[in-house]
$ cat protein.cif   # mmCIF, C-alpha atoms and all ligand atoms
data_target
#
loop_
_atom_site.label_atom_id
_atom_site.label_comp_id
_atom_site.auth_asym_id
_atom_site.auth_seq_id
_atom_site.Cartn_x
_atom_site.Cartn_y
_atom_site.Cartn_z
CA MET A 283 147.70 111.70 98.59
CA ILE A 284 148.99 111.97 95.05
CA ILE A 285 149.47 109.33 92.37
CA GLU A 286 151.79 110.47 89.62
CA GLY A 287 152.28 109.04 86.15
CA LYS A 288 151.15 109.07 82.55
CA ALA A 289 147.41 108.83 82.79
CA PHE A 290 144.87 107.97 80.13
CA THR A 291 142.29 110.78 80.11
CA ARG A 292 139.69 112.08 77.70
CA SER A 293 142.36 114.33 76.22
CA GLY A 294 144.80 111.49 75.68
CA ILE A 295 147.79 110.30 77.68
CA GLN A 296 149.23 113.04 79.89
CA HIS A 297 151.80 113.21 82.65
CA LEU A 298 149.58 114.02 85.63
CA CYS A 299 149.45 114.31 89.39
CA ILE A 300 146.22 112.72 90.54
CA LYS A 301 145.26 114.20 93.90
CA VAL A 302 143.02 111.80 95.82
CA SER A 303 140.75 112.93 98.67
CA GLU A 304 140.17 111.04 101.92
CA ASP A 305 137.06 109.42 100.51
CA GLY A 306 138.89 108.12 97.43
CA LEU A 307 137.64 110.64 94.89
CA ILE A 308 139.88 112.43 92.40
CA GLU A 309 140.08 115.92 93.85
CA LYS A 310 142.38 117.45 91.31
CA LEU A 311 144.24 116.55 88.13
CA SER A 312 147.19 118.80 87.54
CA LYS A 313 150.19 118.96 85.32
CA VAL A 314 152.33 121.10 87.61
CA ASP A 315 151.95 121.01 91.36
CA CYS A 316 153.20 117.47 91.79
CA ARG A 317 155.93 118.49 94.21
CA ASP A 318 154.78 117.50 97.70
CA ASP A 319 152.77 114.69 98.91
CA ILE A 320 153.58 112.24 96.11
CA LYS A 321 152.89 108.85 97.47
CA TYR A 322 152.98 106.70 94.37
CA SER A 323 154.95 107.47 91.28
CA PHE A 324 154.68 105.41 88.11
CA LEU A 325 157.12 106.97 85.71
CA ASP A 326 158.99 104.00 84.25
CA LYS A 327 158.86 103.61 80.50
CA GLY A 328 155.69 101.93 79.28
CA LEU A 329 153.66 102.47 82.47
CA VAL A 330 150.23 104.02 82.01
CA ILE A 331 147.52 104.78 84.55
CA LEU A 332 144.11 103.60 83.34
CA PRO A 333 140.68 103.71 84.95
CA ALA A 334 140.25 100.33 86.66
CA MET A 335 138.49 97.72 84.54
CA ILE A 336 134.87 96.73 85.24
CA ASP A 337 133.70 93.17 84.75
CA ILE A 338 129.93 92.87 84.45
CA HIS A 339 129.88 89.04 84.57
CA VAL A 340 131.80 87.00 87.16
CA HIS A 341 131.07 84.09 89.48
CA MET A 342 132.59 84.57 92.93
CA ARG A 343 131.00 81.28 94.15
CA ASP A 344 131.55 81.46 97.93
CA PHE A 345 128.66 80.18 100.15
CA LYS A 346 128.73 76.37 99.78
CA LEU A 347 131.02 76.47 96.74
CA SER A 348 133.89 78.24 98.51
CA TYR A 349 136.22 75.42 97.53
CA LYS A 350 136.02 76.77 93.94
CA GLU A 351 136.38 80.46 94.82
CA ASP A 352 135.33 82.92 97.48
CA PHE A 353 134.89 86.67 97.50
CA TYR A 354 138.39 87.20 98.85
CA THR A 355 140.26 85.05 96.31
CA GLY A 356 137.97 86.05 93.44
CA SER A 357 138.32 89.75 94.17
CA ALA A 358 142.09 89.30 94.57
CA ALA A 359 142.09 87.75 91.08
CA ALA A 360 140.14 90.82 89.90
CA ALA A 361 142.66 93.23 91.46
CA ALA A 362 145.57 91.28 89.95
CA GLY A 363 143.82 91.51 86.59
CA GLY A 364 143.38 95.28 86.86
CA VAL A 365 139.66 95.00 87.59
CA GLY A 366 138.19 97.39 90.18
CA VAL A 367 134.48 96.54 90.00
CA ILE A 368 132.96 93.08 89.54
CA ALA A 369 129.32 92.08 89.13
CA ASP A 370 128.59 88.68 90.63
CA MET A 371 126.12 86.11 89.24
CA PRO A 372 123.39 84.49 91.38
CA ASN A 373 123.80 80.77 90.42
CA THR A 374 125.33 80.04 93.80
CA VAL A 375 124.50 77.37 96.38
CA PRO A 376 122.09 78.47 97.76
CA ARG A 377 120.91 80.61 94.86
CA VAL A 378 120.60 84.35 95.28
CA ASN A 379 116.88 84.52 94.53
CA SER A 380 115.27 85.76 97.71
CA ILE A 381 115.75 89.04 99.54
CA LYS A 382 117.04 87.12 102.55
CA ILE A 383 119.82 85.38 100.59
CA LEU A 384 120.60 88.55 98.67
CA ARG A 385 121.28 90.28 101.98
CA MET A 386 123.48 87.37 103.06
CA ARG A 387 125.36 87.67 99.78
CA ASP A 388 125.89 91.38 100.36
CA GLU A 389 127.13 90.72 103.89
CA THR A 390 129.59 88.05 102.67
CA ALA A 391 130.84 90.22 99.80
CA SER A 392 131.31 93.31 101.96
CA ARG A 393 133.30 91.27 104.49
CA LYS A 394 135.61 89.67 101.93
CA SER A 395 135.76 91.56 98.64
CA ILE A 396 138.81 93.76 98.10
CA VAL A 397 137.29 95.40 95.01
CA ASP A 398 133.90 97.10 94.66
CA TYR A 399 131.08 94.83 93.62
CA GLY A 400 127.58 94.61 92.21
CA LEU A 401 125.26 91.66 92.81
CA TYR A 402 122.79 90.14 90.38
CA TYR A 403 119.53 88.71 91.59
CA GLY A 404 118.10 85.43 90.26
CA VAL A 405 114.42 85.03 89.31
CA PRO A 406 112.74 84.37 92.68
CA ASP A 407 110.53 81.36 93.48
CA ASN A 408 108.15 83.61 95.29
CA GLU A 409 106.43 86.76 94.01
CA ASP A 410 106.90 88.36 97.43
CA ASP A 411 110.61 88.44 96.73
CA VAL A 412 110.29 90.86 93.81
CA ASN A 413 109.66 94.22 95.46
CA GLY A 414 112.72 96.08 96.63
CA TYR A 415 115.46 93.73 95.48
CA GLU A 416 117.17 96.59 93.65
CA GLU A 417 118.23 98.05 96.98
CA TYR A 418 121.08 95.51 97.00
CA ALA A 419 121.21 94.16 93.45
CA VAL A 420 122.50 95.96 90.38
CA GLY A 421 120.37 93.84 88.08
CA LEU A 422 118.49 90.64 87.37
CA LYS A 423 120.05 87.58 85.72
CA ILE A 424 117.79 85.33 83.67
CA TYR A 425 118.96 81.78 82.91
CA PRO A 426 117.41 79.61 80.16
CA GLU A 427 115.53 77.47 82.69
CA ASP A 428 113.87 80.59 84.15
CA LEU A 429 111.97 81.09 80.89
CA HIS A 430 109.64 78.24 81.88
CA ARG A 431 108.50 80.13 84.97
CA ARG A 432 106.31 82.57 83.08
CA GLU A 433 104.23 83.97 85.93
CA VAL A 434 106.93 85.20 88.25
CA LEU A 435 109.17 86.07 85.29
CA ASP A 436 106.51 88.33 83.75
CA LYS A 437 106.01 90.01 87.08
CA ILE A 438 109.68 90.76 87.63
CA LEU A 439 110.15 91.88 84.00
CA GLN A 440 107.30 94.38 84.40
CA TYR A 441 108.87 95.51 87.64
CA ASN A 442 112.28 95.91 85.96
CA SER A 443 110.87 97.90 83.10
CA LEU A 444 108.98 100.19 85.51
CA LYS A 445 112.01 100.75 87.71
CA GLU A 446 114.53 100.70 84.86
CA ILE A 447 116.51 97.86 86.38
CA LEU A 448 119.21 96.17 84.33
CA THR A 449 118.02 92.79 82.96
CA VAL A 450 120.76 90.40 81.84
CA TYR A 451 119.94 87.31 79.79
CA HIS A 452 121.91 84.13 79.28
CA PRO A 453 120.53 83.75 75.75
CA GLU A 454 119.90 80.09 74.95
CA ASP A 455 116.47 78.66 74.16
CA PRO A 456 115.90 75.86 76.72
CA SER A 457 113.96 73.72 74.25
CA LEU A 458 116.86 73.71 71.77
CA ILE A 459 119.81 73.36 74.16
CA GLY A 460 119.96 69.54 74.33
CA ASP A 461 123.42 68.19 75.10
CA ALA A 462 125.21 70.13 72.39
CA HIS A 463 124.05 73.74 73.02
CA PRO A 464 123.88 74.40 69.24
CA LEU A 465 124.22 77.94 67.99
CA LYS A 466 120.58 77.92 66.87
CA ALA A 467 119.57 77.79 70.57
CA GLU A 468 121.37 81.10 71.10
CA LEU A 469 120.01 82.67 67.90
CA LYS A 470 116.42 81.67 68.68
CA ALA A 471 116.69 83.03 72.22
CA ALA A 472 118.17 86.30 70.92
CA TYR A 473 115.27 86.62 68.46
CA ASP A 474 112.63 85.90 71.10
CA ILE A 475 114.15 88.29 73.62
CA ALA A 476 114.48 91.03 71.02
CA ARG A 477 110.89 90.57 69.82
CA GLY A 478 109.12 89.74 73.04
CA SER A 479 110.37 92.05 75.77
CA PRO A 480 108.17 94.64 77.48
CA GLU A 481 108.32 98.09 75.90
CA ASP A 482 110.71 99.88 78.26
CA LEU A 483 112.88 96.95 79.18
CA LYS A 484 116.38 97.29 77.78
CA PRO A 485 117.79 93.80 78.06
CA HIS A 486 121.45 92.93 77.95
CA LEU A 487 122.53 89.66 76.31
CA THR A 488 125.66 88.32 77.95
CA HIS A 489 128.45 86.09 76.65
CA ILE A 490 127.23 85.99 73.05
CA SER A 491 129.24 83.47 71.06
CA SER A 492 128.55 84.57 67.48
CA GLY A 493 128.34 87.67 65.31
CA SER A 494 124.90 86.52 64.14
CA THR A 495 123.59 86.87 67.69
CA TYR A 496 124.59 90.52 67.62
CA ARG A 497 123.02 91.00 64.17
CA ILE A 498 119.70 89.49 65.27
CA VAL A 499 119.54 91.67 68.36
CA SER A 500 120.35 94.85 66.45
CA ARG A 501 117.90 93.97 63.66
CA TYR A 502 114.90 93.08 65.84
CA GLY A 503 115.50 94.88 69.13
CA ARG A 504 115.95 98.51 70.08
CA GLY A 505 118.53 99.78 72.54
CA TYR A 506 119.74 96.30 73.41
CA THR A 507 123.31 95.69 74.50
CA VAL A 508 125.53 92.61 74.30
CA ASP A 509 128.88 91.45 75.57
CA THR A 510 131.22 88.68 74.60
CA CYS A 511 134.12 87.02 76.40
CA PRO A 512 137.78 86.55 75.42
CA HIS A 513 137.34 82.78 75.03
CA TYR A 514 134.78 83.26 72.22
CA LEU A 515 137.12 85.67 70.45
CA PHE A 516 140.30 83.61 70.69
CA LEU A 517 139.33 79.93 70.94
CA TYR A 518 137.37 77.63 68.64
CA ARG A 519 136.11 74.15 69.19
CA ASP A 520 137.82 72.16 66.44
CA CYS A 521 141.16 72.99 67.97
CA TYR A 522 140.57 71.41 71.35
CA ASN A 523 139.22 67.95 71.96
CA SER A 524 139.73 67.87 75.72
CA ARG A 525 136.76 68.25 78.06
CA TYR A 526 138.77 70.97 79.78
CA TYR A 527 137.48 73.36 77.10
CA ASN A 528 133.81 72.88 78.00
CA VAL A 529 132.01 76.14 78.58
CA THR A 530 128.42 77.37 78.21
CA PRO A 531 127.69 78.53 75.58
CA PRO A 532 130.29 76.29 73.94
CA LEU A 533 133.25 77.33 71.83
CA ARG A 534 132.01 77.52 68.24
CA SER A 535 133.58 76.62 64.90
CA ARG A 536 136.56 78.52 63.53
CA TRP A 537 134.31 80.37 61.07
CA VAL A 538 131.90 81.49 63.74
CA MET A 539 134.82 82.62 65.90
CA LEU A 540 136.34 84.58 63.02
CA ASP A 541 133.01 86.22 62.24
CA LEU A 542 132.56 87.18 65.91
CA PHE A 543 136.11 88.54 65.91
CA LYS A 544 135.35 90.65 62.85
CA THR A 545 132.10 91.90 64.40
CA PHE A 546 134.16 92.85 67.45
CA LEU A 547 136.94 94.56 65.46
CA ASP A 548 134.31 96.47 63.49
CA GLY A 549 133.23 98.00 66.81
CA TYR A 550 129.74 96.48 67.12
CA ILE A 551 130.39 94.67 70.37
CA LYS A 552 130.90 97.34 72.97
CA ILE A 553 131.43 95.35 76.16
CA ILE A 554 133.83 92.57 77.14
CA SER A 555 133.15 90.45 80.23
CA THR A 556 135.01 87.38 81.40
CA ASP A 557 132.26 85.09 82.73
CA HIS A 558 134.98 84.21 85.27
CA ALA A 559 133.67 80.73 86.20
CA PRO A 560 136.17 79.08 88.55
CA HIS A 561 136.15 75.29 89.06
CA THR A 562 138.82 72.91 90.31
CA TYR A 563 141.08 71.39 87.68
CA GLU A 564 139.68 67.92 88.46
CA GLU A 565 136.14 69.20 87.87
CA LYS A 566 137.32 70.67 84.57
CA LEU A 567 138.77 67.36 83.40
CA ASP A 568 135.42 65.81 84.28
CA GLY A 569 133.84 68.18 81.80
CA ILE A 570 132.31 70.93 83.95
CA ASN A 571 131.63 74.20 82.11
CA GLY A 572 133.54 77.46 82.44
CA PHE A 573 137.00 79.01 82.85
CA PRO A 574 138.56 81.55 85.18
CA GLY A 575 139.13 84.77 83.24
CA LEU A 576 139.81 87.71 85.53
CA GLU A 577 143.60 87.43 85.38
CA THR A 578 143.88 87.14 81.61
CA ALA A 579 141.24 89.46 80.09
CA LEU A 580 143.09 92.76 80.29
CA PRO A 581 146.44 91.32 79.09
CA LEU A 582 144.62 89.70 76.14
CA LEU A 583 142.96 93.01 75.22
CA LEU A 584 146.29 94.82 75.60
CA THR A 585 147.80 92.20 73.30
CA LEU A 586 145.28 93.17 70.61
CA PHE A 587 146.34 96.78 71.22
CA ASN A 588 150.00 95.83 70.89
CA LYS A 589 149.27 94.03 67.62
CA GLY A 590 147.65 97.21 66.29
CA LEU A 591 144.17 95.67 66.03
CA ILE A 592 142.40 97.95 68.55
CA ARG A 593 143.27 101.27 70.18
CA LEU A 594 144.02 101.80 73.86
CA SER A 595 140.82 103.86 74.04
CA ASP A 596 138.94 100.78 72.76
CA VAL A 597 140.36 98.67 75.58
CA ILE A 598 139.05 101.20 78.10
CA SER A 599 135.67 101.55 76.41
CA LEU A 600 135.20 97.77 76.17
CA TYR A 601 136.25 96.78 79.64
CA SER A 602 135.68 99.89 81.76
CA ARG A 603 133.72 102.81 80.34
CA ASN A 604 130.84 100.94 78.64
CA PRO A 605 130.51 98.43 81.48
CA ALA A 606 130.31 101.43 83.87
CA ARG A 607 127.48 102.86 81.74
CA LEU A 608 125.59 99.59 81.73
CA LEU A 609 125.78 99.36 85.53
CA GLY A 610 124.84 103.05 85.93
CA ILE A 611 128.11 104.03 87.61
CA ASP A 612 129.87 105.97 84.85
CA HIS A 613 129.67 109.18 86.88
CA LEU A 614 132.13 107.58 89.32
CA TYR A 615 134.05 104.86 87.47
CA GLY A 616 135.34 104.19 83.97
CA SER A 617 137.40 107.30 83.34
CA ILE A 618 140.01 109.46 85.02
CA ASP A 619 138.44 112.79 85.82
CA GLU A 620 137.95 115.17 88.74
CA GLY A 621 135.00 114.05 90.87
CA MET A 622 135.34 110.38 89.90
CA TYR A 623 136.73 107.63 92.07
CA ALA A 624 140.48 107.00 92.01
CA SER A 625 139.84 103.37 91.07
CA LEU A 626 142.79 102.90 88.79
CA THR A 627 144.98 100.26 87.29
CA ILE A 628 148.57 100.81 86.27
CA VAL A 629 149.77 98.69 83.37
CA ASP A 630 153.06 98.15 81.67
CA LEU A 631 151.75 98.43 78.13
CA PHE A 632 154.55 96.63 76.32
CA SER A 633 155.78 94.04 78.82
CA GLU A 634 155.78 90.63 77.16
CA TYR A 635 155.33 87.38 79.09
CA LYS A 636 153.71 83.97 79.05
CA VAL A 637 150.44 83.37 80.91
CA ASP A 638 151.22 81.15 83.90
CA SER A 639 148.08 80.12 85.75
CA SER A 640 150.07 78.63 88.65
CA GLY A 641 150.54 82.23 89.83
CA PHE A 642 146.82 83.11 89.73
CA TYR A 643 145.15 84.52 92.83
CA SER A 644 141.96 82.73 91.83
CA LYS A 645 141.54 79.32 93.43
CA ALA A 646 141.18 78.05 89.86
CA LYS A 647 144.84 77.75 88.90
CA HIS A 648 144.36 76.80 85.28
CA SER A 649 143.48 78.63 82.09
CA PRO A 650 142.72 77.93 78.44
CA PHE A 651 145.31 80.65 77.74
CA ASP A 652 148.11 79.01 79.75
CA GLY A 653 151.43 79.44 77.99
CA TRP A 654 150.05 82.10 75.59
CA ARG A 655 152.45 84.96 74.93
CA VAL A 656 150.76 88.23 75.88
CA PHE A 657 151.80 91.89 75.89
CA GLY A 658 150.63 94.12 78.74
CA ARG A 659 151.12 93.50 82.43
CA VAL A 660 149.11 94.77 85.39
CA ILE A 661 151.49 96.50 87.82
CA ALA A 662 149.09 97.93 90.41
CA THR A 663 145.40 98.39 91.16
CA PHE A 664 143.91 101.11 93.36
CA ILE A 665 140.37 100.94 94.71
CA ARG A 666 139.03 104.38 95.60
CA GLY A 667 142.59 105.56 96.21
CA LYS A 668 143.71 102.51 98.21
CA PRO A 669 146.43 100.33 96.73
CA VAL A 670 145.15 96.75 96.82
CA TYR A 671 147.58 95.12 94.38
CA MET A 672 151.13 96.08 93.58
CA ASP A 673 154.13 94.27 92.06
CA ASN A 674 152.56 90.82 92.20
CA GLU A 675 151.30 91.21 95.74
CA ILE A 676 147.86 91.62 97.25
CA LEU A 677 148.19 94.31 99.91
CA ILE A 678 144.82 93.98 101.65
CA LYS A 679 143.85 91.14 103.94
CA LYS A 680 140.11 91.73 104.33
CA GLY A 681 137.17 93.22 102.51
CA ILE A 682 137.20 96.90 101.65
CA GLY A 683 134.89 96.53 98.66
CA LEU A 684 131.60 98.42 98.60
CA ASN A 685 128.32 97.42 97.00
CA ILE A 686 127.92 99.82 94.06
CA LYS A 687 124.21 100.16 94.90
CA ARG A 688 125.23 101.65 98.23
CA ILE A 689 127.63 103.98 96.44
CA ILE A 690 124.97 105.10 93.97
CA ARG A 691 122.62 105.94 96.84
CA GLU A 692 125.29 108.17 98.32
CA PHE A 693 126.29 109.70 94.98
CA PRO A 694 123.20 109.53 92.78
CA TYR A 695 123.53 109.85 89.05
CA ILE A 696 123.05 113.43 87.93
CA GLN A 697 121.73 113.41 84.39
CA ASP A 698 123.38 116.44 82.85
CA LYS A 699 126.81 116.10 84.32
O1 LIG A 701 130.43 77.95 81.38
C1 LIG A 701 129.65 78.43 82.20
N1 LIG A 701 129.91 78.38 83.52
N2 LIG A 701 128.52 79.03 81.76
C2 LIG A 701 127.55 79.41 82.60
O2 LIG A 701 126.56 79.92 82.15
C3 LIG A 701 127.69 79.20 84.06
C4 LIG A 701 129.11 79.12 84.43
C5 LIG A 701 129.31 78.62 85.83
O3 LIG A 701 128.64 79.09 86.74
O4 LIG A 701 130.19 77.75 86.03
ZN ZN A 702 128.27 83.09 83.88
#
$ encode --input "protein.cif" --output "C-alpha cells" --more "lines below"
Ligand code: DOR
Ligand code: ZN
Amino acid sequence: MIIEGKAFTRSGIQHLCIKVSEDGLIEKLSKVDCRDDIKYSFLDKGLVILPAMIDIHVHMRDFKLSYKEDFYTGSAAAAAGGVGVIADMPNTVPRVNSIKILRMRDETASRKSIVDYGLYYGVPDNEDDVNGYEEYAVGLKIYPEDLHRREVLDKILQYNSLKEILTVYHPEDPSLIGDAHPLKAELKAAYDIARGSPEDLKPHLTHISSGSTYRIVSRYGRGYTVDTCPHYLFLYRDCYNSRYYNVTPPLRSRWVMLDLFKTFLDGYIKIISTDHAPHTYEEKLDGINGFPGLETALPLLLTLFNKGLIRLSDVISLYSRNPARLLGIDHLYGSIDEGMYASLTIVDLFSEYKVDSSGFYSKAKHSPFDGWRVFGRVIATFIRGKPVYMDNEILIKKGIGLNIKRIIREFPYIQDK
C-alpha cells in the first residue's frame, strides 16, 4: 500500500510515495516509483503528511467515569486531532495503582482504543504492587497527595531509577496548594523535585504553568524535562471569571502567561501535552477542573506556525518527536523514515476555520477555545498504515490500538540506530 503526498521528513518537505508494509512499517520512501498501488493520494494544495502527534498526558476516564469519556471516544478525539499515540493518566475510578487494575486498564484500552496508547501507573497502596508494573505501564505518575506516602514512594522511586522508568510529576506542593493553588506551590514543588530526587532518576514535570518553573528545574536539576499545555500558553485568569475556566494548575496572570509564552518561543519548553481532561458541561459550570484538548492542540500549534511564530519543524518536535523520545518510542514514531511506523497525520496547513466543539468526537463537547479562529486542519490520521480518521469521519468501529510497551518488546530500542 502506498500513501502519496508532500511529506515532512528530516530533509524537509518532499513529494514522496510512502510504501507501507503489512505490519504498518514504512518499507520504502521514494520519489519516483509511485505508479502502481497508490491507495491514498494527498496532493491538494496545502496538504502535508506529518508524523502523527504524540500526547504524553491525557485522561481517557473510562471504567466508572465512562460518562465523561471512554477509550473509544477519547481515542477518536485523538485521531481527529491528528494524534496517533496517547499516554493515559491513572486517576481513574478505580485508580490504576495495582498490577491487577493496570491489567484491566490495558484490556479495556486494547479493546476500545483506535490509536496506540501508553498507560501510566499511580503510586500503589501496597509495596507488593511495585515489581513488574513496567511490563504494561510506560511510566509512573506522581500526584501532590502521593508525596505524603513516603515509604512506598521512596521504594518505587528507587525502583524507577534502577530500571530507568519514566517518572512524571504533577508539580504542586500539597502543603501550599490550599484552595487557590498559588504559583508558589508549583515553584516549591519544582525546587524540591529538582533537589531531592534519587541520582539516576530523570523526572518529568508535566503541565507547568509558568516560565519560572522551567527556570527552577533547569537551574537546580540535571536532565529534567517539562511540558506545558496550550491553555497555559493562550489563556490567563483575569480574562475569564466563569468557573468553566477552572483547571489544575490554574490559569495564571497575564504576565505569567506572557513569560511562559516567551520561554516557549525561546525554545526552552520542548514538549506540549494537552492534559485532555474531559468532564460534562454541567460539571464544568459547577467548577470542576480541566478541559478537553485533543481536538484543538494541533490546530493551535499550526496557528502559531501560520502566524510565523514557530516553524513547522517546531510543531513536530514539540508534539511528536520529543514526546516520542520521552516515551522511548522514537525509533518507531515521531518522524517519517524507513523502518518507522506509518503513523501519520495529514493536515491542510493553511485552512482557516473557527473551533466548534459541538463537532468534537470527545464526549466533552465544549472548549475554552470555542469560536477561536485557527489555521490548520486535520484531514486524515493513519495508525500503523491504517486510516482511522478521514474527512471528518472516524473509520474504525473498535479498538486497533496497541500498548506501546508491547510494541517496544517486539521492536526493542537499538541504541546506535
Ligand atoms: O485540571 C485538571 N484536571 N488537572 C488535573 O491534574 C487532573 C485533571 C482531571 O483528571 O480532571
Ligand atoms: Zn492531568
$ residues_around --input "protein.cif" --residues "Thr545 of chain A" --least-positions-apart "2" --cutoff "10 Å" --atoms "all atoms listed in the file" --output "number ranges by chain"
A: 492-494, 496-497, 539-543, 547-551
$ residues_around --input "protein.cif" --residues "segment 289-296 of chain A" --least-positions-apart "6" --cutoff "6 Å" --atoms "only C-alpha atoms" --output "count of residues only"
4
$ atom_distance --input "protein.cif" --atom1 "atom CA of Leu298 of chain A" --atom2 "atom CA of Pro694 of chain A"
27.7 Å
$ closest_residue --input "protein.cif" --among "A:Gly505, A:Gly572, A:Pro376, A:Gly364" --to "ligand LIG 701 (chain A)" --atoms "only C-alpha atoms and all ligand atoms"
A:Gly572
$ residues_near_ligand --input "protein.cif" --ligand "ligand LIG 701 (chain A)" --cutoff "7 Å" --atoms "all atoms listed in the file" --output "number ranges by chain"
A: 341, 373, 452, 528-531, 557, 559-560, 571-573
$ atom_distance --input "protein.cif" --atom1 "atom CA of His613 of chain A" --atom2 "atom CA of Ile690 of chain A"
9.4 Å
$ closest_residue --input "protein.cif" --among "A:Arg666, A:Lys350, A:Lys636, A:Lys680" --to "Ile308 of chain A" --atoms "all atoms listed in the file"
A:Arg666
$ atom_distance --input "protein.cif" --atom1 "atom CA of Val450 of chain A" --atom2 "atom CA of His486 of chain A"
4.7 Å
$ residues_around --input "protein.cif" --residues "Val367 of chain A" --least-positions-apart "3" --cutoff "7 Å" --atoms "only C-alpha atoms" --output "list in words"
Met335, Ile336, Asp337, Val397, Asp398 and Tyr399 of chain A
$ residues_around --input "protein.cif" --residues "Val637 of chain A" --least-positions-apart "5" --cutoff "6 Å" --atoms "only C-alpha atoms" --output "ChimeraX atom specification"
/A:652-654
$ residues_around --input "protein.cif" --residues "segment 465-469 of chain A" --least-positions-apart "2" --cutoff "8 Å" --atoms "only C-alpha atoms" --output "list in words"
Pro453, Glu454, Asp455, Pro456, Ser457, Leu458, Ile459, His463, Ala471, Ala472, Tyr473, Ile490, Ser492, Ser494, Thr495, Ile498 and Arg534 of chain A
$ write_last_selection --input "protein.cif" --atoms "C-alpha atoms" --output "compact mmCIF listing (two decimals), in the frame of the given file"
# COMPACT_ATOMS: atom_id res chain seq x y z
CA PRO A 453 120.53 83.75 75.75
CA GLU A 454 119.90 80.09 74.95
CA ASP A 455 116.47 78.66 74.16
CA PRO A 456 115.90 75.86 76.72
CA SER A 457 113.96 73.72 74.25
CA LEU A 458 116.86 73.71 71.77
CA ILE A 459 119.81 73.36 74.16
CA HIS A 463 124.05 73.74 73.02
CA ALA A 471 116.69 83.03 72.22
CA ALA A 472 118.17 86.30 70.92
CA TYR A 473 115.27 86.62 68.46
CA ILE A 490 127.23 85.99 73.05
CA SER A 492 128.55 84.57 67.48
CA SER A 494 124.90 86.52 64.14
CA THR A 495 123.59 86.87 67.69
CA ILE A 498 119.70 89.49 65.27
CA ARG A 534 132.01 77.52 68.24
$ residues_near_point --input "protein.cif" --point "(135.8, 80.4, 68.0)" --cutoff "10 Å" --atoms "all atoms listed in the file" --output "PyMOL selection string"
chain A and resi 491-492+512-521+532-543
$ closest_residue --input "protein.cif" --among "A:Phe693, A:Asp319, A:Ala362, A:Leu608" --to "Val302 of chain A" --atoms "only C-alpha atoms"
A:Asp319
$ closest_residue --input "protein.cif" --among "A:Gly621, A:Pro669, A:Pro372, A:Gly616" --to "ligand ZN 702 (chain A)" --atoms "all atoms listed in the file"
A:Pro372
$ decode --input "protein.cif" --residues "segment 413-444 of chain A" --atoms "C-alpha atoms" --output "PDB file, in the first residue's frame"
ATOM      1  CA  ASN A 413       7.728  -5.017  40.954  1.00  0.00           C
ATOM      2  CA  GLY A 414       6.988  -5.566  37.304  1.00  0.00           C
ATOM      3  CA  TYR A 415       4.498  -2.781  36.660  1.00  0.00           C
ATOM      4  CA  GLU A 416       6.606  -1.548  33.749  1.00  0.00           C
ATOM      5  CA  GLU A 417       5.517  -4.563  31.724  1.00  0.00           C
ATOM      6  CA  TYR A 418       2.268  -2.693  31.000  1.00  0.00           C
ATOM      7  CA  ALA A 419       2.951   0.897  32.032  1.00  0.00           C
ATOM      8  CA  VAL A 420       5.098   3.420  30.203  1.00  0.00           C
ATOM      9  CA  GLY A 421       5.744   5.375  33.386  1.00  0.00           C
ATOM     10  CA  LEU A 422       4.710   6.401  36.873  1.00  0.00           C
ATOM     11  CA  LYS A 423       2.526   9.432  37.638  1.00  0.00           C
ATOM     12  CA  ILE A 424       3.016  11.162  40.973  1.00  0.00           C
ATOM     13  CA  TYR A 425       0.248  13.444  42.265  1.00  0.00           C
ATOM     14  CA  PRO A 426       0.785  16.016  45.052  1.00  0.00           C
ATOM     15  CA  GLU A 427      -1.057  13.872  47.605  1.00  0.00           C
ATOM     16  CA  ASP A 428       1.308  10.947  46.897  1.00  0.00           C
ATOM     17  CA  LEU A 429       4.188  12.928  48.401  1.00  0.00           C
ATOM     18  CA  HIS A 430       2.805  12.198  51.874  1.00  0.00           C
ATOM     19  CA  ARG A 431       3.237   8.465  51.352  1.00  0.00           C
ATOM     20  CA  ARG A 432       6.988   8.492  51.779  1.00  0.00           C
ATOM     21  CA  GLU A 433       7.656   4.792  52.322  1.00  0.00           C
ATOM     22  CA  VAL A 434       6.075   3.326  49.232  1.00  0.00           C
ATOM     23  CA  LEU A 435       7.032   6.414  47.199  1.00  0.00           C
ATOM     24  CA  ASP A 436      10.725   6.035  48.078  1.00  0.00           C
ATOM     25  CA  LYS A 437      10.573   2.384  47.157  1.00  0.00           C
ATOM     26  CA  ILE A 438       9.023   2.976  43.746  1.00  0.00           C
ATOM     27  CA  LEU A 439      11.361   5.916  43.034  1.00  0.00           C
ATOM     28  CA  GLN A 440      14.380   3.703  43.737  1.00  0.00           C
ATOM     29  CA  TYR A 441      12.844   1.062  41.518  1.00  0.00           C
ATOM     30  CA  ASN A 442      12.263   3.614  38.733  1.00  0.00           C
ATOM     31  CA  SER A 443      15.783   4.918  38.902  1.00  0.00           C
ATOM     32  CA  LEU A 444      17.203   1.369  38.798  1.00  0.00           C
TER      33      LEU A 444
END
